[in-house]
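Step one of this worksheet: look at the structure below.
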Amino acid sequence: MTKRTRGWLLGVLVLVIGGVGAAVFQGIAKSNAKAADKKKDVPALEFAARDIVQLAPRVLSSELLLPGTVQAVSQATVRSKVSAEVRMVSVREGDRVRIGQVLAEFDTAYLRMQLAERQATLEAARAQLAQTERTREANAQLVKQNFISQNAFDTADAAHRAQVAAVAAAQAQLDQTRLTLSDAVVHAPIGGLVSKRHVQPGEKVASDATLMPIVDLAQLEVQAQAAVSDITQVTIGSRAEVEIEGLAERTFSGRVDRINPSAEPGSRTISVYVALPNENSLLKAGMFARVHLRALRDKEVAALPLSSIQNDAGQTVVWIIADSKLAKRMVTVGRRDERAQLVEITSGVEPNDRVVATKFDNLRDGLAAKIVGGAPAAANVADKDAPRPLAN
């Protein structure tokens, strides 16, 4: 192939590539023009008037939800006061006992022998005391007549005083044995129900060993945990509604009876005690509970529905319609009223702003928008069952 032929082929190839590139460029330009025309033809988003709200003054009720545990107001753990073998246990779990009822007895054979021994020791000490007392009185007469020295009398007097102390010690030991013997019979300190029996007949237990806890279910309380930041909203005497785990169909009424004056070191929470009547002994100690406490604000505040508040990259925002366009506004919120589904707005929204009260996807700043169907509502909850406009 000659040089002239190669040059001619190269020129043809350049012309072909240039034509293809021009065609592709023309196609892209036409596509962009069509997309721009289509974007210009996007109709304005239509929002129903019931989905648009404005700030309104409201008295909000804040509700605290506190986790807690049901416990008996009156409960006692019965412990052993002696170290001995258990001879008899008269009650089991769930048995009802009355105050003073015999619950258990220990083997007292050793204690009875010890009682007899110490009784004999006391009698011997008393006999010895009588002897030293007679000696002292005789020496007192002799020292007056100068038949014995003062030192001899002092010796007799010291022996007498020592024996008086010995009698007192023997009496104390006897009383201690009698007390231990009486502790070998265990009585119920309160009336209630036995929640657990830790011993069986024939076991030998040490002193201060746990025998059985007794709980009185007539009056219960819920020990709930409140955050330090919420404790200012809790006052003694406030009414509370209590939900019990496992009894979802019922709600129990109570009131705040006590507030712990100090926070728990680990969790930094403060215990709140809610008194809870227990009709028909339906509730049991140890049940998990949720306490609802409501606190009213004294003055009205500007509020919006909770449904109008959205989170955008960690910022609290609302969408408003201004000049027939959507605009995103960052807002600062205050107290929430979960029951009324309202939230206090402290900044970011003006009273005349028209706020979108429902959540839509793909909303963007500057999109055309309009309201149809009347005037915006005040700050109340939007009708969730009504049809929604399509916002794409």
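All residue names refer to the structure tokens as shown: chains lettered A, B, ... in order, residues numbered from 1 in each chain, ligands numbered from 1 in order.
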Excluding same-chain residues fewer than 5 positions from segment 316-323 of chain A, what lies within 7 Å of it counting only C-alpha atoms, as an MDAnalysis selection string?
chainID A and resid 308:311 328:331 353:356 369
Okay, now the selection with C-alpha atoms, as a PDB file, in the first residue's frame?
ATOM      1  CA  SER A 308     -44.887  18.340  62.142  1.00  0.00           C
ATOM      2  CA  ILE A 309     -41.460  17.892  63.762  1.00  0.00           C
ATOM      3  CA  GLN A 310     -38.816  16.041  61.784  1.00  0.00           C
ATOM      4  CA  ASN A 311     -35.188  15.150  62.349  1.00  0.00           C
ATOM      5  CA  LYS A 328     -37.201  24.121  55.680  1.00  0.00           C
ATOM      6  CA  ARG A 329     -36.867  25.791  59.080  1.00  0.00           C
ATOM      7  CA  MET A 330     -34.739  24.729  62.024  1.00  0.00           C
ATOM      8  CA  VAL A 331     -36.703  25.011  65.287  1.00  0.00           C
ATOM      9  CA  ASP A 353     -46.184  30.586  59.334  1.00  0.00           C
ATOM     10  CA  ARG A 354     -48.076  27.790  57.634  1.00  0.00           C
ATOM     11  CA  VAL A 355     -46.495  24.536  58.820  1.00  0.00           C
ATOM     12  CA  VAL A 356     -46.893  21.126  57.195  1.00  0.00           C
ATOM     13  CA  ALA A 369     -46.519  24.199  46.811  1.00  0.00           C
TER      14      ALA A 369
END
Which residues are near Ala285 of chain A? Cut-off 6 Å, only C-alpha atoms, ignore same chain within fewer than 4 positions. Put them as number ranges by chain.
A: 70-72
Given only C-alpha atoms as the counted atoms, nearest of A:Gln233, A:Leu217, A:Lys370, A:Thr346 to Val194 of chain A:
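Using only C-alpha atoms, the shortest distance to Val194 of chain A belongs to A:Leu217.
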d(atom CA of Arg161 of chain A, atom CA of Ala124 of chain A) in Å
15.7 Å
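Using only C-alpha atoms, the nearest neighbour of Gln341 of chain A within the list A:Gly366, A:Pro277, A:Pro305, A:Gly373 is A:Pro305.
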Mind checking DSSP for segment 10-199 of chain A and telling me the strand (DSSP E) residues as number ranges by chain?
A: 45-48, 52-53, 56-58, 61-79, 84-89, 96-97, 102-106, 185-187, 192-194
What's the 10 Å shell around segment 199-201 of chain A, counting only C-alpha atoms, without same-chain residues fewer than 4 positions away, as a PyMOL selection string?
chain A and resi 85-90+104-106+205+209-212
Keeping only all heavy atoms, write those residues as a compact mmCIF listing (two decimals), in the first residue's frame.
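again02.txt, written as the output of this step:
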# COMPACT_ATOMS: atom_id res chain seq x y z
N GLU A 85 -29.94 -27.20 115.52
CA GLU A 85 -30.62 -28.01 114.52
C GLU A 85 -32.10 -27.67 114.49
O GLU A 85 -32.74 -27.51 115.54
CB GLU A 85 -30.43 -29.49 114.84
CG GLU A 85 -31.10 -30.43 113.85
CD GLU A 85 -30.92 -31.88 114.24
OE1 GLU A 85 -29.79 -32.23 114.65
OE2 GLU A 85 -31.90 -32.66 114.14
N VAL A 86 -32.66 -27.54 113.28
CA VAL A 86 -34.08 -27.23 113.12
C VAL A 86 -34.89 -28.49 113.42
O VAL A 86 -34.67 -29.54 112.80
CB VAL A 86 -34.38 -26.72 111.70
CG1 VAL A 86 -35.86 -26.43 111.54
CG2 VAL A 86 -33.55 -25.49 111.39
N ARG A 87 -35.81 -28.38 114.37
CA ARG A 87 -36.62 -29.54 114.73
C ARG A 87 -37.95 -29.55 113.99
O ARG A 87 -38.46 -30.60 113.60
CB ARG A 87 -36.88 -29.55 116.24
CG ARG A 87 -37.50 -30.85 116.74
CD ARG A 87 -37.73 -30.81 118.23
NE ARG A 87 -38.78 -29.86 118.59
CZ ARG A 87 -39.20 -29.63 119.83
NH1 ARG A 87 -38.61 -30.26 120.84
NH2 ARG A 87 -40.17 -28.78 120.07
N MET A 88 -38.54 -28.35 113.76
CA MET A 88 -39.87 -28.28 113.16
C MET A 88 -40.02 -26.95 112.42
O MET A 88 -39.58 -25.91 112.89
CB MET A 88 -40.94 -28.40 114.24
CG MET A 88 -42.39 -28.36 113.72
SD MET A 88 -43.08 -26.68 113.58
CE MET A 88 -43.17 -26.18 115.29
N VAL A 89 -40.65 -27.01 111.22
CA VAL A 89 -41.04 -25.81 110.46
C VAL A 89 -42.52 -25.99 110.13
O VAL A 89 -42.90 -26.96 109.48
CB VAL A 89 -40.21 -25.64 109.18
CG1 VAL A 89 -40.64 -24.36 108.45
CG2 VAL A 89 -38.72 -25.59 109.49
N SER A 90 -43.33 -25.07 110.57
CA SER A 90 -44.78 -25.26 110.50
C SER A 90 -45.43 -24.61 109.28
O SER A 90 -46.63 -24.79 109.07
CB SER A 90 -45.44 -24.70 111.77
OG SER A 90 -45.21 -23.30 111.86
N ALA A 104 -41.24 -21.91 113.51
CA ALA A 104 -40.25 -22.99 113.54
C ALA A 104 -39.76 -23.16 114.97
O ALA A 104 -39.88 -22.27 115.81
CB ALA A 104 -39.09 -22.70 112.60
N GLU A 105 -39.19 -24.34 115.24
CA GLU A 105 -38.59 -24.63 116.54
C GLU A 105 -37.24 -25.30 116.33
O GLU A 105 -37.08 -26.10 115.40
CB GLU A 105 -39.49 -25.52 117.39
CG GLU A 105 -40.79 -24.85 117.82
CD GLU A 105 -41.64 -25.76 118.68
OE1 GLU A 105 -41.19 -26.91 118.94
OE2 GLU A 105 -42.74 -25.35 119.08
N PHE A 106 -36.28 -25.00 117.23
CA PHE A 106 -34.96 -25.62 117.19
C PHE A 106 -34.82 -26.65 118.29
O PHE A 106 -35.54 -26.62 119.29
CB PHE A 106 -33.87 -24.55 117.35
CG PHE A 106 -33.74 -23.62 116.17
CD1 PHE A 106 -34.46 -22.43 116.15
CD2 PHE A 106 -32.91 -23.93 115.11
CE1 PHE A 106 -34.35 -21.57 115.07
CE2 PHE A 106 -32.80 -23.08 114.03
CZ PHE A 106 -33.52 -21.90 114.00
N VAL A 205 -28.48 -24.86 111.31
CA VAL A 205 -28.26 -23.53 110.76
C VAL A 205 -27.44 -22.72 111.75
O VAL A 205 -27.43 -22.98 112.97
CB VAL A 205 -29.59 -22.81 110.46
CG1 VAL A 205 -30.40 -23.58 109.43
CG2 VAL A 205 -30.40 -22.63 111.73
N ALA A 209 -28.92 -16.92 110.32
CA ALA A 209 -29.24 -17.50 109.01
C ALA A 209 -30.68 -17.15 108.64
O ALA A 209 -31.57 -17.06 109.49
CB ALA A 209 -29.06 -19.01 109.04
N THR A 210 -30.92 -16.95 107.33
CA THR A 210 -32.26 -16.62 106.85
C THR A 210 -33.16 -17.84 106.91
O THR A 210 -32.82 -18.91 106.39
CB THR A 210 -32.20 -16.09 105.41
OG1 THR A 210 -31.38 -14.91 105.37
CG2 THR A 210 -33.58 -15.75 104.89
N LEU A 211 -34.32 -17.68 107.54
CA LEU A 211 -35.28 -18.77 107.63
C LEU A 211 -36.39 -18.61 106.61
O LEU A 211 -36.65 -19.51 105.82
CB LEU A 211 -35.88 -18.83 109.04
CG LEU A 211 -34.89 -19.04 110.19
CD1 LEU A 211 -35.62 -19.09 111.52
CD2 LEU A 211 -34.06 -20.31 109.97
N MET A 212 -37.04 -17.44 106.60
CA MET A 212 -38.13 -17.20 105.65
C MET A 212 -38.50 -15.72 105.63
O MET A 212 -38.56 -15.08 106.68
CB MET A 212 -39.37 -18.04 106.02
CG MET A 212 -39.95 -17.75 107.37
SD MET A 212 -41.15 -18.99 107.91
CE MET A 212 -40.10 -20.41 108.20
How close does segment 83-146 of chain A get to segment 181-187 of chain A? List, as JSON lines, each residue of segment 83-146 of chain A within 8 Å, its nearest atom pair and the distance in Å to one decimal, counting only C-alpha atoms.
{"residue": "A:Ile99", "atom": "CA", "partner": "A:His187", "partner_atom": "CA", "distance": 7.6}
{"residue": "A:Gly100", "atom": "CA", "partner": "A:His187", "partner_atom": "CA", "distance": 5.0}
{"residue": "A:Gln101", "atom": "CA", "partner": "A:His187", "partner_atom": "CA", "distance": 5.3}
{"residue": "A:Val102", "atom": "CA", "partner": "A:His187", "partner_atom": "CA", "distance": 4.5}
{"residue": "A:Leu103", "atom": "CA", "partner": "A:Val186", "partner_atom": "CA", "distance": 5.5}
{"residue": "A:Ala104", "atom": "CA", "partner": "A:Val186", "partner_atom": "CA", "distance": 5.1}
{"residue": "A:Glu105", "atom": "CA", "partner": "A:Val185", "partner_atom": "CA", "distance": 4.5}
{"residue": "A:Phe106", "atom": "CA", "partner": "A:Ala184", "partner_atom": "CA", "distance": 5.0}
{"residue": "A:Asp107", "atom": "CA", "partner": "A:Ala184", "partner_atom": "CA", "distance": 7.4}
{"residue": "A:Thr108", "atom": "CA", "partner": "A:Leu181", "partner_atom": "CA", "distance": 6.8}
{"residue": "A:Leu111", "atom": "CA", "partner": "A:Leu181", "partner_atom": "CA", "distance": 6.2}
{"residue": "A:Arg112", "atom": "CA", "partner": "A:Leu181", "partner_atom": "CA", "distance": 7.5}
Check the DSSP output for the backbone and give back, as an MDAnalysis selection string, the residues of segment 13-204 of chain A in helix (DSSP H, G or I).
chainID A and resid 13:40 49:51 109:144 150:183
Give me, as a PyMOL selection string, all polymer residues having an atom no more than 8 Å from Leu304 of chain A, counting only C-alpha atoms and skipping those fewer than 2 positions away in the same chain.
chain A and resi 53-56+302+306+308+342-345+379-380
Selected residues written out, all heavy atoms, as an mmCIF file, in the first residue's frame:
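Generated file (part.cif):
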data_model
loop_
_atom_site.group_PDB
_atom_site.id
_atom_site.type_symbol
_atom_site.label_atom_id
_atom_site.label_comp_id
_atom_site.auth_asym_id
_atom_site.auth_seq_id
_atom_site.Cartn_x
_atom_site.Cartn_y
_atom_site.Cartn_z
ATOM 1 N N VAL A 53 -50.911 23.581 59.683
ATOM 2 C CA VAL A 53 -51.230 24.132 60.996
ATOM 3 C C VAL A 53 -50.407 25.400 61.233
ATOM 4 O O VAL A 53 -49.447 25.675 60.503
ATOM 5 C CB VAL A 53 -50.943 23.112 62.128
ATOM 6 C CG1 VAL A 53 -51.830 21.902 62.014
ATOM 7 C CG2 VAL A 53 -49.477 22.716 62.116
ATOM 8 N N GLN A 54 -50.825 26.137 62.252
ATOM 9 C CA GLN A 54 -50.094 27.315 62.687
ATOM 10 C C GLN A 54 -49.899 27.248 64.195
ATOM 11 O O GLN A 54 -50.613 26.511 64.896
ATOM 12 C CB GLN A 54 -50.856 28.588 62.303
ATOM 13 C CG GLN A 54 -50.914 28.830 60.804
ATOM 14 C CD GLN A 54 -51.735 30.049 60.452
ATOM 15 O OE1 GLN A 54 -52.885 30.170 60.861
ATOM 16 N NE2 GLN A 54 -51.140 30.967 59.676
ATOM 17 N N LEU A 55 -48.930 27.988 64.683
ATOM 18 C CA LEU A 55 -48.699 28.025 66.131
ATOM 19 C C LEU A 55 -49.964 28.454 66.856
ATOM 20 O O LEU A 55 -50.694 29.329 66.388
ATOM 21 C CB LEU A 55 -47.571 28.995 66.464
ATOM 22 C CG LEU A 55 -46.130 28.520 66.219
ATOM 23 C CD1 LEU A 55 -45.171 29.641 66.548
ATOM 24 C CD2 LEU A 55 -45.814 27.300 67.052
ATOM 25 N N ALA A 56 -50.197 27.850 68.006
ATOM 26 C CA ALA A 56 -51.351 28.206 68.827
ATOM 27 C C ALA A 56 -50.976 28.082 70.293
ATOM 28 O O ALA A 56 -50.179 27.206 70.653
ATOM 29 C CB ALA A 56 -52.544 27.307 68.504
ATOM 30 N N ALA A 302 -46.578 28.386 73.006
ATOM 31 C CA ALA A 302 -46.804 28.171 71.580
ATOM 32 C C ALA A 302 -46.463 26.726 71.241
ATOM 33 O O ALA A 302 -45.388 26.235 71.572
ATOM 34 C CB ALA A 302 -45.950 29.128 70.763
ATOM 35 N N LEU A 306 -46.829 17.108 67.195
ATOM 36 C CA LEU A 306 -45.585 16.342 67.108
ATOM 37 C C LEU A 306 -45.334 15.837 65.692
ATOM 38 O O LEU A 306 -44.184 15.662 65.281
ATOM 39 C CB LEU A 306 -45.639 15.162 68.081
ATOM 40 C CG LEU A 306 -45.425 15.473 69.563
ATOM 41 C CD1 LEU A 306 -45.698 14.229 70.402
ATOM 42 C CD2 LEU A 306 -44.013 15.968 69.802
ATOM 43 N N SER A 308 -45.528 17.347 63.002
ATOM 44 C CA SER A 308 -44.887 18.340 62.142
ATOM 45 C C SER A 308 -43.381 18.422 62.360
ATOM 46 O O SER A 308 -42.666 19.024 61.563
ATOM 47 C CB SER A 308 -45.511 19.724 62.383
ATOM 48 O OG SER A 308 -45.257 20.157 63.710
ATOM 49 N N LEU A 342 -48.607 17.110 71.266
ATOM 50 C CA LEU A 342 -48.184 18.479 71.019
ATOM 51 C C LEU A 342 -46.780 18.689 71.562
ATOM 52 O O LEU A 342 -46.344 17.985 72.467
ATOM 53 C CB LEU A 342 -49.142 19.481 71.685
ATOM 54 C CG LEU A 342 -50.577 19.533 71.150
ATOM 55 C CD1 LEU A 342 -51.431 20.421 72.040
ATOM 56 C CD2 LEU A 342 -50.605 20.029 69.714
ATOM 57 N N VAL A 343 -46.075 19.695 71.006
ATOM 58 C CA VAL A 343 -44.739 20.024 71.456
ATOM 59 C C VAL A 343 -44.596 21.541 71.477
ATOM 60 O O VAL A 343 -45.098 22.245 70.601
ATOM 61 C CB VAL A 343 -43.665 19.376 70.559
ATOM 62 C CG1 VAL A 343 -43.786 19.857 69.121
ATOM 63 C CG2 VAL A 343 -42.276 19.656 71.099
ATOM 64 N N GLU A 344 -43.919 22.043 72.494
ATOM 65 C CA GLU A 344 -43.682 23.476 72.612
ATOM 66 C C GLU A 344 -42.609 23.910 71.616
ATOM 67 O O GLU A 344 -41.580 23.258 71.473
ATOM 68 C CB GLU A 344 -43.242 23.813 74.042
ATOM 69 C CG GLU A 344 -42.896 25.274 74.240
ATOM 70 C CD GLU A 344 -42.293 25.546 75.601
ATOM 71 O OE1 GLU A 344 -42.110 24.579 76.368
ATOM 72 O OE2 GLU A 344 -41.999 26.718 75.898
ATOM 73 N N ILE A 345 -42.848 25.040 70.932
ATOM 74 C CA ILE A 345 -41.884 25.614 70.000
ATOM 75 C C ILE A 345 -41.376 26.919 70.617
ATOM 76 O O ILE A 345 -42.155 27.859 70.828
ATOM 77 C CB ILE A 345 -42.511 25.890 68.627
ATOM 78 C CG1 ILE A 345 -43.125 24.615 68.048
ATOM 79 C CG2 ILE A 345 -41.471 26.474 67.679
ATOM 80 C CD1 ILE A 345 -42.129 23.513 67.795
ATOM 81 N N ALA A 379 -52.937 24.712 66.109
ATOM 82 C CA ALA A 379 -51.992 23.636 66.442
ATOM 83 C C ALA A 379 -52.708 22.487 67.108
ATOM 84 O O ALA A 379 -52.708 22.334 68.315
ATOM 85 C CB ALA A 379 -50.902 24.162 67.356
ATOM 86 N N ASN A 380 -53.383 21.683 66.283
ATOM 87 C CA ASN A 380 -53.958 20.452 66.812
ATOM 88 C C ASN A 380 -53.554 19.308 65.920
ATOM 89 O O ASN A 380 -52.990 19.496 64.844
ATOM 90 C CB ASN A 380 -55.487 20.547 66.937
ATOM 91 C CG ASN A 380 -56.110 21.093 65.672
ATOM 92 O OD1 ASN A 380 -55.460 21.137 64.640
ATOM 93 N ND2 ASN A 380 -57.357 21.523 65.760
#
Find the distance between atom CA of Ala263 of chain A and atom CA of Ser238 of chain A and write it in Å to one decimal.
20.1 Å
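With only C-alpha atoms as the atoms that count, the minimum distance from Val234 of chain A to the choices A:Leu129, A:Ala116, A:Leu66, A:Ala313 is reached by A:Leu66.
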I need the residue nearest Asp157 of chain A from this list: A:Ala140, A:Ala227, A:Val301, A:Ala327. Use only C-alpha atoms for the distance.
A:Ala140
Would you list the contacts of segment 167-174 of chain A as a ChimeraX atom specification, taking every protein, DNA or RNA residue within 8 Å and counting only C-alpha atoms, but skipping same-chain residues closer than 6 positions in sequence?
/A:115,118-119,121-122,125-126,129
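Between Ala158 of chain A and the candidates A:Ala76, A:Ser324, A:Thr132, A:Ala368, the tightest atom-to-atom separation, counting only C-alpha atoms, involves A:Thr132.
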Tell me which protein, DNA and RNA residues are within 10 Å of Phe153 of chain A, counting only C-alpha atoms, leaving out same-chain ones fewer than 4 positions away, and put them as a PyMOL selection string.
chain A and resi 135-143+148-149+157-159
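Coordinates place atom CA of Val228 of chain A at a distance of 20.6 Å from atom CA of Val242 of chain A.
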Name the closest residue to Ala130 of chain A among the candidates A:Ala357, A:Leu193, A:Ile236, A:Val164; distances are taken between atoms, counting only C-alpha atoms.
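Ranking A:Ala357, A:Leu193, A:Ile236, A:Val164 by distance to Ala130 of chain A, first place goes to A:Val164.
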